[in-house]
Amino acid sequence: MTRLVQRLVWSVFVLWCVITGSFVVNFGLPGDPVRAIAGPQARPADLQAIREQMGLDQSLRVQYVLFLKRLVHTGPAHDAAADKAHRSCKTLGPLHFDLGMSYQQRRPVLTLLLEKLPATLLLAVAALLVQVSLGVATGTLAALHRGTFFDYGVIITVLLLISMPTFLLGIGLQYLFAYYLHWLPLDGDGKTFFEKLRHVALPAMTLGFFGAAYYTRIVRDEVLSQLNQDHVRTARAKGASLLRTTLVHVLRNVSLPLVTLVGLELGGLVGGAIVTEQLFRWPGLGRLSIDAVMERDGPVLMGTVLVASVAVVLANLLVDLSYSLLDPRTRR
Amino acid sequence: MPSLSRRLANWSALCRGPQMLFWLALSLAGCHPTVSNPLGVESDHHPGPPLRGGMLRIATSSDIRSLDSAVAFDETAAVLEQLVYAKLLDFSTAGDTFVPELAERWEASFDGLRYDFFLREDARFHDGNPVLARDVKRSLERTIHPDTPCPVKSFYERLVGYSDYVKRKAPHLEGIEVTGTYSLRFRLTEPDATLLSVLALPIAAPVCPSAGTTYDPAFSTHACGAGPFRLRQWDQGREVHFERFDGYYRPELPYLDGVTVSLVVPPFTQRLKFERGELDHFRDVSDLDAWLFRRSPAWAGRGGWEQPRSVFGIFLNTESVPFRNRELRRAVASAINRDELAALKPGSIQPASRIIPPGIPGHDPTPGQRFDYAAALEHMRSAGFPYSPATHQGGYPHELTLLAPSDGFGAQAGELFQQQLARIGIRIRIRALRWSAFLAESARRGQATLGIEGWGADYPDASDFFEPLLSSQSIADEDTSNRAFFSNSEFDRLLLEARRETDHQKRRELYRRAEQIFLDEAPWAVTHYVKKWEVWQPYLHEYSVHALLPQHVAFTWLDLPAKSRALALRHALPFSLTRVAGYGKLPGGS
């Protein structure tokens, strides 16, 4: 329990560092957010008026203090949207969370993030499923058939997938499955659950095939090393079948590095798969964050950074906790 | 309508690369790039009157930030605003005159200080309320209100009382008087020939009474005007759906049941959707695709060039060393070979010699700045930096930094300019910056010696190019739009006189004289205009490329039976038979 509390306190500290670092970097980036808001053709007098209106004429220190004050504060425990002073807040009883208004879209950042998060999570989970299931299956089979044509075939495919840029793989899949075969939609995210499943297939495959290549490589090496271990040989000598030995004695030990990898990958995927989301018009956080960077939309950028860091921190926390379940030695 | 869309540039940069790679891969595999057959070719001979019904589907590669006419001022928003809002008056399809819209007629006083507008009495807003003169006043006051982040409210600064209103010294804009239920008067502090143009912009469109008197971001998702379509649903970042407004003042229009605009669709995906019949009109056509469609006989007559409305060039900072020296500026203007530039993107880049693009009234087709190597060397000599091409000796002794936007075509063009200027002894180093950084840095006094710049028309008038880009009134320490910091009292006087002049011919002559000063002084080396190719399916009727408004689809109609037959036939055929050749050498290839 003490360890968990320590980890949580450490996580909050990491998040504060990330937020502060991002704030400073965003402020120091070349470029003028007001220009980005108003467009290249805005007239100088109008730009100045917008700058004052949005508080962008204030110093870094003032803007940072305001940001932190607003981030978590207390306020009326009612529908915040009706209250002009709390229009960009999300409430949890008297607790208010506020990341401000998007410069570009002029909507509360938290609303934007909450709109995009489900799509991102769906894509992240679907892509992870493809990655892990494909990676574990092919990696294990390749290890079990070491030195055969199958093994060589897997190694070559893995190398190809790892070297291929994601967008090229995505365009190829889009052309084949959507345009030529008409099996799947070209892009978008659908409305009903089943439509969403159909729409997520291509982006998940794009991310999944790419990631599965890494998993295959790691699983193959790990399985090979496990197959030479004494406990595996003993199990086989005692008459356990290859399937049972692999599932119970080999893959359980392989799962430890695998879980670490999945945790890191999940954090990264929630942060946004930028190219894939752009290509398939998947309305997730990746697209939101790249737009925020391009358009100097500071509040949205801070929001996406916050979500991505929370995802990474949480995923690592879960990975740490899962170690003790998977390997009893780590409980000591 | 306005502007060089930064988002579009970003998208193009992201998506053109993959597409080129993809086609390259196909080519290496022995396949020629092709385009599909047009859908519903028999619709060319459709008998009888236009058909009503159907949802038109179009797409754009960028997103929209707002549908509130008071703040949405970019090209993508303009496509959507023309569906929702009706204005007092509109630009004609050719872009050279005005046509009445909500105003039946208007009259200007002899001194040009007063404009009376008379509204039609049958126009209604989408919420059922009639469009009254007080709504026109309320809407424009809402746009100009100090709390509204409208990027171009200063377009209306010549209205009486503008300054007091934006400084909150007056509750209303004195210069707009409601003279009757359906009539109103605009009063100006001095004559302004651009008033009608800026009233024809969506930012001046009357909005429903529910929009209130001040800006509220929530109105964006409930945009309400008096246009032919009303906003049904906006799925942020995905699609915007519009449905026919049955109370539109022209009862026979629109023909369509609705319009769906898909947002942020990469150009490559747009093309696939267009070929599959999921889009009826395709505007974000890449250079390669444009070439394929243009080359295909099956697509002849089903596409067209948009008139260039933007000008690009190199601004030369006239305040700082070395471009304080006029001869050096002239040398740069003469050293740029615009034809070489156009060869980089055949078709879509048009060599430019004057600052007013061909799509804008007042464009002079006669040559202005042009490539003349001998003259460039002579100007270098007159500037005090003679250069010998034979020995490569001489020239300007220091390396200069050229600012260029890293997105899109800027950096590529910069490399060519680097080579061309080296031939006259001017060495430049390219500093490519992201768009927002480029805008900030190039607009700050004393920062940029020279840089690549583009400017798009906000409205079709020469003043919209001369004044922001070259008038000394536009010079500021920060956020200047006159990046050349060009200041010439005679030039300023001519611009002011032209703005006050309401006689068309006299204005043209004043701008001609101003342009002559521009050519002599060369604060810019004008380089190119950019054109876009659009293509549409044969079953889409009464669409023509508007001189100013992109994707002006509001009054088109669809031959849906022809489309259905064509799609059924396509699904019955093997894939290879649905293709038509875009054969031949690749553009620019030898």
# chains A, B, ... in the order shown; residues from 1 in each chain; ligands from 1

call {"tool": "interface_residues", "arguments": {"of": "chain B", "to": "chain A", "cutoff": "6 Å", "atoms": "only C-alpha atoms", "output": "ChimeraX atom specification"}}
result
/B:65,149,151-152,436-437,440,479

call {"tool": "residues_around", "arguments": {"residues": "Arg230 of chain B", "least_positions_apart": "5", "cutoff": "10 Å", "atoms": "only C-alpha atoms", "output": "list in words"}}
result
Leu83, Val84, Tyr85, Phe125, His126, Asp127, His222, Ala223, Cys224, Gly225, His241, Phe242, Glu243, Arg244, Phe245, Asp246, Tyr248, Gly258 and Val259 of chain B

call {"tool": "select_by_dssp", "arguments": {"residues": "segment 272-308 of chain B", "states": "alpha helix (DSSP H)", "output": "number ranges by chain"}}
result
B: 272-275, 287-295

call {"tool": "closest_residue", "arguments": {"among": "B:Tyr539, B:Phe518, B:Trp234, B:Phe293", "to": "Asp63 of chain B", "atoms": "only C-alpha atoms"}}
result
B:Trp234

call {"tool": "closest_residue", "arguments": {"among": "B:Pro397, B:Gly48, B:Pro538, B:Gly384", "to": "Glu327 of chain B", "atoms": "only C-alpha atoms"}}
result
B:Gly384

call {"tool": "atom_distance", "arguments": {"atom1": "atom CA of Tyr543 of chain B", "atom2": "atom CA of Phe312 of chain B"}}
result
28.5 Å

call {"tool": "residues_around", "arguments": {"residues": "Met205 of chain A", "least_positions_apart": "6", "cutoff": "10 Å", "atoms": "only C-alpha atoms", "output": "list in words"}}
result
Leu123, Ala126, Ala127, Leu128, Leu129, Val130, Gln131, Leu169, Gly170, Leu173, Gly211 and Ala212 of chain A

call {"tool": "residues_around", "arguments": {"residues": "Ala143 of chain A", "least_positions_apart": "4", "cutoff": "9 Å", "atoms": "only C-alpha atoms", "output": "ChimeraX atom specification"}}
result
/A:138-139,147,151,219-224,227

call {"tool": "write_last_selection", "arguments": {"atoms": "N, CA and C atoms", "output": "PDB file, in the first residue's frame"}}
result
ATOM      1  N   THR A 138       2.718 -15.348 -34.229  1.00  0.00           N
ATOM      2  CA  THR A 138       3.775 -15.566 -35.224  1.00  0.00           C
ATOM      3  C   THR A 138       5.145 -15.732 -34.560  1.00  0.00           C
ATOM      4  N   GLY A 139       5.397 -14.978 -33.498  1.00  0.00           N
ATOM      5  CA  GLY A 139       6.674 -15.086 -32.793  1.00  0.00           C
ATOM      6  C   GLY A 139       6.854 -16.463 -32.200  1.00  0.00           C
ATOM      7  N   GLY A 147      14.556 -22.124 -37.941  1.00  0.00           N
ATOM      8  CA  GLY A 147      15.382 -22.627 -39.028  1.00  0.00           C
ATOM      9  C   GLY A 147      14.601 -23.142 -40.219  1.00  0.00           C
ATOM     10  N   ASP A 151      10.001 -19.839 -40.473  1.00  0.00           N
ATOM     11  CA  ASP A 151      10.766 -18.930 -39.616  1.00  0.00           C
ATOM     12  C   ASP A 151      11.403 -17.820 -40.447  1.00  0.00           C
ATOM     13  N   VAL A 219       8.980 -11.760 -29.042  1.00  0.00           N
ATOM     14  CA  VAL A 219       8.419 -13.037 -28.581  1.00  0.00           C
ATOM     15  C   VAL A 219       9.263 -14.196 -29.110  1.00  0.00           C
ATOM     16  N   ARG A 220       9.684 -14.116 -30.364  1.00  0.00           N
ATOM     17  CA  ARG A 220      10.487 -15.207 -30.943  1.00  0.00           C
ATOM     18  C   ARG A 220      11.768 -15.404 -30.124  1.00  0.00           C
ATOM     19  N   ASP A 221      12.456 -14.295 -29.862  1.00  0.00           N
ATOM     20  CA  ASP A 221      13.712 -14.402 -29.104  1.00  0.00           C
ATOM     21  C   ASP A 221      13.476 -14.921 -27.689  1.00  0.00           C
ATOM     22  N   GLU A 222      12.427 -14.407 -27.052  1.00  0.00           N
ATOM     23  CA  GLU A 222      12.143 -14.820 -25.674  1.00  0.00           C
ATOM     24  C   GLU A 222      11.760 -16.289 -25.617  1.00  0.00           C
ATOM     25  N   VAL A 223      10.916 -16.714 -26.561  1.00  0.00           N
ATOM     26  CA  VAL A 223      10.479 -18.122 -26.576  1.00  0.00           C
ATOM     27  C   VAL A 223      11.685 -19.021 -26.808  1.00  0.00           C
ATOM     28  N   LEU A 224      12.558 -18.608 -27.715  1.00  0.00           N
ATOM     29  CA  LEU A 224      13.753 -19.422 -27.986  1.00  0.00           C
ATOM     30  C   LEU A 224      14.589 -19.584 -26.716  1.00  0.00           C
ATOM     31  N   LEU A 227      12.816 -21.934 -24.277  1.00  0.00           N
ATOM     32  CA  LEU A 227      12.794 -23.348 -24.679  1.00  0.00           C
ATOM     33  C   LEU A 227      14.052 -24.083 -24.209  1.00  0.00           C
TER      34      LEU A 227
END

call {"tool": "closest_residue", "arguments": {"among": "A:Ile156, A:Leu15, A:Leu285, A:Leu301", "to": "Leu269 of chain A", "atoms": "only C-alpha atoms"}}
result
A:Leu285

call {"tool": "closest_residue", "arguments": {"among": "B:Ser69, B:Thr502, B:Ser382, B:Thr76", "to": "Asp216 of chain B", "atoms": "only C-alpha atoms"}}
result
B:Ser69

call {"tool": "residues_around", "arguments": {"residues": "Glu190 of chain B", "least_positions_apart": "5", "cutoff": "8 Å", "atoms": "only C-alpha atoms", "output": "ChimeraX atom specification"}}
result
/B:112-113,158,500

call {"tool": "decode", "arguments": {"residues": "segment 476-523 of chain B", "atoms": "N, CA and C atoms", "output": "PDB file, in the first residue's frame"}}
result
ATOM      1  N   ALA B 476       3.792  48.463 -39.310  1.00  0.00           N
ATOM      2  CA  ALA B 476       3.770  48.475 -37.839  1.00  0.00           C
ATOM      3  C   ALA B 476       5.009  47.728 -37.367  1.00  0.00           C
ATOM      4  N   ASP B 477       5.384  47.960 -36.102  1.00  0.00           N
ATOM      5  CA  ASP B 477       6.565  47.261 -35.583  1.00  0.00           C
ATOM      6  C   ASP B 477       6.309  45.764 -35.467  1.00  0.00           C
ATOM      7  N   GLU B 478       5.094  45.401 -35.124  1.00  0.00           N
ATOM      8  CA  GLU B 478       4.701  43.991 -35.038  1.00  0.00           C
ATOM      9  C   GLU B 478       3.503  43.802 -35.956  1.00  0.00           C
ATOM     10  N   ASP B 479       3.347  42.593 -36.464  1.00  0.00           N
ATOM     11  CA  ASP B 479       2.134  42.230 -37.211  1.00  0.00           C
ATOM     12  C   ASP B 479       1.909  43.068 -38.462  1.00  0.00           C
ATOM     13  N   THR B 480       2.957  43.590 -39.039  1.00  0.00           N
ATOM     14  CA  THR B 480       2.736  44.375 -40.251  1.00  0.00           C
ATOM     15  C   THR B 480       2.333  43.459 -41.402  1.00  0.00           C
ATOM     16  N   SER B 481       1.488  43.978 -42.276  1.00  0.00           N
ATOM     17  CA  SER B 481       1.197  43.207 -43.482  1.00  0.00           C
ATOM     18  C   SER B 481       2.047  43.732 -44.647  1.00  0.00           C
ATOM     19  N   ASN B 482       2.666  44.889 -44.441  1.00  0.00           N
ATOM     20  CA  ASN B 482       3.584  45.434 -45.439  1.00  0.00           C
ATOM     21  C   ASN B 482       4.994  44.963 -45.068  1.00  0.00           C
ATOM     22  N   ARG B 483       5.300  43.733 -45.459  1.00  0.00           N
ATOM     23  CA  ARG B 483       6.564  43.129 -45.004  1.00  0.00           C
ATOM     24  C   ARG B 483       7.781  43.718 -45.715  1.00  0.00           C
ATOM     25  N   ALA B 484       7.538  44.410 -46.803  1.00  0.00           N
ATOM     26  CA  ALA B 484       8.645  45.085 -47.485  1.00  0.00           C
ATOM     27  C   ALA B 484       8.914  46.446 -46.826  1.00  0.00           C
ATOM     28  N   PHE B 485       8.061  46.846 -45.892  1.00  0.00           N
ATOM     29  CA  PHE B 485       8.152  48.147 -45.230  1.00  0.00           C
ATOM     30  C   PHE B 485       8.320  49.248 -46.283  1.00  0.00           C
ATOM     31  N   PHE B 486       7.548  49.095 -47.327  1.00  0.00           N
ATOM     32  CA  PHE B 486       7.630  50.024 -48.456  1.00  0.00           C
ATOM     33  C   PHE B 486       6.823  51.280 -48.131  1.00  0.00           C
ATOM     34  N   SER B 487       7.444  52.393 -48.298  1.00  0.00           N
ATOM     35  CA  SER B 487       6.764  53.648 -48.005  1.00  0.00           C
ATOM     36  C   SER B 487       7.075  54.642 -49.105  1.00  0.00           C
ATOM     37  N   ASN B 488       6.028  55.111 -49.767  1.00  0.00           N
ATOM     38  CA  ASN B 488       6.210  56.056 -50.864  1.00  0.00           C
ATOM     39  C   ASN B 488       5.002  56.988 -50.838  1.00  0.00           C
ATOM     40  N   SER B 489       5.264  58.260 -50.628  1.00  0.00           N
ATOM     41  CA  SER B 489       4.143  59.192 -50.400  1.00  0.00           C
ATOM     42  C   SER B 489       3.244  59.302 -51.632  1.00  0.00           C
ATOM     43  N   GLU B 490       3.832  59.309 -52.818  1.00  0.00           N
ATOM     44  CA  GLU B 490       3.020  59.409 -54.026  1.00  0.00           C
ATOM     45  C   GLU B 490       2.153  58.147 -54.194  1.00  0.00           C
ATOM     46  N   PHE B 491       2.741  57.027 -53.903  1.00  0.00           N
ATOM     47  CA  PHE B 491       2.022  55.759 -53.983  1.00  0.00           C
ATOM     48  C   PHE B 491       0.834  55.781 -52.998  1.00  0.00           C
ATOM     49  N   ASP B 492       1.103  56.214 -51.766  1.00  0.00           N
ATOM     50  CA  ASP B 492       0.050  56.296 -50.750  1.00  0.00           C
ATOM     51  C   ASP B 492      -1.071  57.238 -51.204  1.00  0.00           C
ATOM     52  N   ARG B 493      -0.660  58.346 -51.799  1.00  0.00           N
ATOM     53  CA  ARG B 493      -1.658  59.335 -52.233  1.00  0.00           C
ATOM     54  C   ARG B 493      -2.570  58.737 -53.310  1.00  0.00           C
ATOM     55  N   LEU B 494      -1.948  58.007 -54.223  1.00  0.00           N
ATOM     56  CA  LEU B 494      -2.740  57.398 -55.300  1.00  0.00           C
ATOM     57  C   LEU B 494      -3.717  56.351 -54.734  1.00  0.00           C
ATOM     58  N   LEU B 495      -3.247  55.592 -53.753  1.00  0.00           N
ATOM     59  CA  LEU B 495      -4.125  54.578 -53.157  1.00  0.00           C
ATOM     60  C   LEU B 495      -5.315  55.223 -52.456  1.00  0.00           C
ATOM     61  N   LEU B 496      -5.028  56.302 -51.738  1.00  0.00           N
ATOM     62  CA  LEU B 496      -6.097  56.986 -51.013  1.00  0.00           C
ATOM     63  C   LEU B 496      -7.103  57.574 -51.988  1.00  0.00           C
ATOM     64  N   GLU B 497      -6.584  58.156 -53.036  1.00  0.00           N
ATOM     65  CA  GLU B 497      -7.455  58.758 -54.039  1.00  0.00           C
ATOM     66  C   GLU B 497      -8.299  57.681 -54.713  1.00  0.00           C
ATOM     67  N   ALA B 498      -7.666  56.548 -54.989  1.00  0.00           N
ATOM     68  CA  ALA B 498      -8.388  55.462 -55.660  1.00  0.00           C
ATOM     69  C   ALA B 498      -9.487  54.914 -54.762  1.00  0.00           C
ATOM     70  N   ARG B 499      -9.214  54.826 -53.481  1.00  0.00           N
ATOM     71  CA  ARG B 499     -10.237  54.308 -52.571  1.00  0.00           C
ATOM     72  C   ARG B 499     -11.441  55.246 -52.524  1.00  0.00           C
ATOM     73  N   ARG B 500     -11.158  56.556 -52.628  1.00  0.00           N
ATOM     74  CA  ARG B 500     -12.251  57.533 -52.566  1.00  0.00           C
ATOM     75  C   ARG B 500     -12.983  57.660 -53.894  1.00  0.00           C
ATOM     76  N   GLU B 501     -12.365  57.216 -54.941  1.00  0.00           N
ATOM     77  CA  GLU B 501     -12.913  57.415 -56.289  1.00  0.00           C
ATOM     78  C   GLU B 501     -13.969  56.350 -56.592  1.00  0.00           C
ATOM     79  N   THR B 502     -15.157  56.763 -56.947  1.00  0.00           N
ATOM     80  CA  THR B 502     -16.201  55.781 -57.224  1.00  0.00           C
ATOM     81  C   THR B 502     -16.339  55.503 -58.720  1.00  0.00           C
ATOM     82  N   ASP B 503     -15.736  56.335 -59.539  1.00  0.00           N
ATOM     83  CA  ASP B 503     -15.786  56.087 -60.982  1.00  0.00           C
ATOM     84  C   ASP B 503     -14.807  54.958 -61.331  1.00  0.00           C
ATOM     85  N   HIS B 504     -15.366  53.920 -61.938  1.00  0.00           N
ATOM     86  CA  HIS B 504     -14.611  52.705 -62.198  1.00  0.00           C
ATOM     87  C   HIS B 504     -13.344  52.961 -63.030  1.00  0.00           C
ATOM     88  N   GLN B 505     -13.530  53.711 -64.114  1.00  0.00           N
ATOM     89  CA  GLN B 505     -12.408  53.951 -65.026  1.00  0.00           C
ATOM     90  C   GLN B 505     -11.304  54.781 -64.367  1.00  0.00           C
ATOM     91  N   LYS B 506     -11.737  55.782 -63.613  1.00  0.00           N
ATOM     92  CA  LYS B 506     -10.753  56.654 -62.955  1.00  0.00           C
ATOM     93  C   LYS B 506      -9.971  55.864 -61.908  1.00  0.00           C
ATOM     94  N   ARG B 507     -10.686  54.998 -61.196  1.00  0.00           N
ATOM     95  CA  ARG B 507      -9.997  54.170 -60.182  1.00  0.00           C
ATOM     96  C   ARG B 507      -8.949  53.301 -60.849  1.00  0.00           C
ATOM     97  N   ARG B 508      -9.345  52.713 -61.956  1.00  0.00           N
ATOM     98  CA  ARG B 508      -8.426  51.809 -62.659  1.00  0.00           C
ATOM     99  C   ARG B 508      -7.155  52.548 -63.078  1.00  0.00           C
ATOM    100  N   GLU B 509      -7.358  53.775 -63.543  1.00  0.00           N
ATOM    101  CA  GLU B 509      -6.216  54.564 -63.980  1.00  0.00           C
ATOM    102  C   GLU B 509      -5.299  54.905 -62.789  1.00  0.00           C
ATOM    103  N   LEU B 510      -5.922  55.215 -61.637  1.00  0.00           N
ATOM    104  CA  LEU B 510      -5.126  55.521 -60.443  1.00  0.00           C
ATOM    105  C   LEU B 510      -4.309  54.301 -60.018  1.00  0.00           C
ATOM    106  N   TYR B 511      -4.928  53.122 -60.071  1.00  0.00           N
ATOM    107  CA  TYR B 511      -4.196  51.907 -59.698  1.00  0.00           C
ATOM    108  C   TYR B 511      -3.111  51.568 -60.727  1.00  0.00           C
ATOM    109  N   ARG B 512      -3.383  51.922 -61.977  1.00  0.00           N
ATOM    110  CA  ARG B 512      -2.358  51.688 -63.001  1.00  0.00           C
ATOM    111  C   ARG B 512      -1.114  52.522 -62.702  1.00  0.00           C
ATOM    112  N   ARG B 513      -1.369  53.762 -62.278  1.00  0.00           N
ATOM    113  CA  ARG B 513      -0.231  54.635 -61.953  1.00  0.00           C
ATOM    114  C   ARG B 513       0.489  54.139 -60.690  1.00  0.00           C
ATOM    115  N   ALA B 514      -0.301  53.658 -59.749  1.00  0.00           N
ATOM    116  CA  ALA B 514       0.318  53.117 -58.520  1.00  0.00           C
ATOM    117  C   ALA B 514       1.173  51.895 -58.865  1.00  0.00           C
ATOM    118  N   GLU B 515       0.655  51.098 -59.761  1.00  0.00           N
ATOM    119  CA  GLU B 515       1.406  49.885 -60.113  1.00  0.00           C
ATOM    120  C   GLU B 515       2.702  50.229 -60.842  1.00  0.00           C
ATOM    121  N   GLN B 516       2.665  51.336 -61.575  1.00  0.00           N
ATOM    122  CA  GLN B 516       3.898  51.751 -62.252  1.00  0.00           C
ATOM    123  C   GLN B 516       4.973  52.110 -61.223  1.00  0.00           C
ATOM    124  N   ILE B 517       4.538  52.778 -60.147  1.00  0.00           N
ATOM    125  CA  ILE B 517       5.499  53.096 -59.073  1.00  0.00           C
ATOM    126  C   ILE B 517       6.028  51.798 -58.470  1.00  0.00           C
ATOM    127  N   PHE B 518       5.124  50.842 -58.283  1.00  0.00           N
ATOM    128  CA  PHE B 518       5.530  49.545 -57.736  1.00  0.00           C
ATOM    129  C   PHE B 518       6.594  48.892 -58.628  1.00  0.00           C
ATOM    130  N   LEU B 519       6.368  48.959 -59.944  1.00  0.00           N
ATOM    131  CA  LEU B 519       7.327  48.326 -60.859  1.00  0.00           C
ATOM    132  C   LEU B 519       8.675  49.053 -60.826  1.00  0.00           C
ATOM    133  N   ASP B 520       8.623  50.366 -60.712  1.00  0.00           N
ATOM    134  CA  ASP B 520       9.875  51.131 -60.666  1.00  0.00           C
ATOM    135  C   ASP B 520      10.643  50.872 -59.365  1.00  0.00           C
ATOM    136  N   GLU B 521       9.911  50.814 -58.286  1.00  0.00           N
ATOM    137  CA  GLU B 521      10.556  50.709 -56.965  1.00  0.00           C
ATOM    138  C   GLU B 521      10.898  49.264 -56.593  1.00  0.00           C
ATOM    139  N   ALA B 522      10.143  48.335 -57.131  1.00  0.00           N
ATOM    140  CA  ALA B 522      10.360  46.895 -56.923  1.00  0.00           C
ATOM    141  C   ALA B 522      10.527  46.492 -55.444  1.00  0.00           C
ATOM    142  N   PRO B 523       9.550  46.816 -54.605  1.00  0.00           N
ATOM    143  CA  PRO B 523       9.644  46.322 -53.218  1.00  0.00           C
ATOM    144  C   PRO B 523       9.375  44.817 -53.136  1.00  0.00           C
TER     145      PRO B 523
END
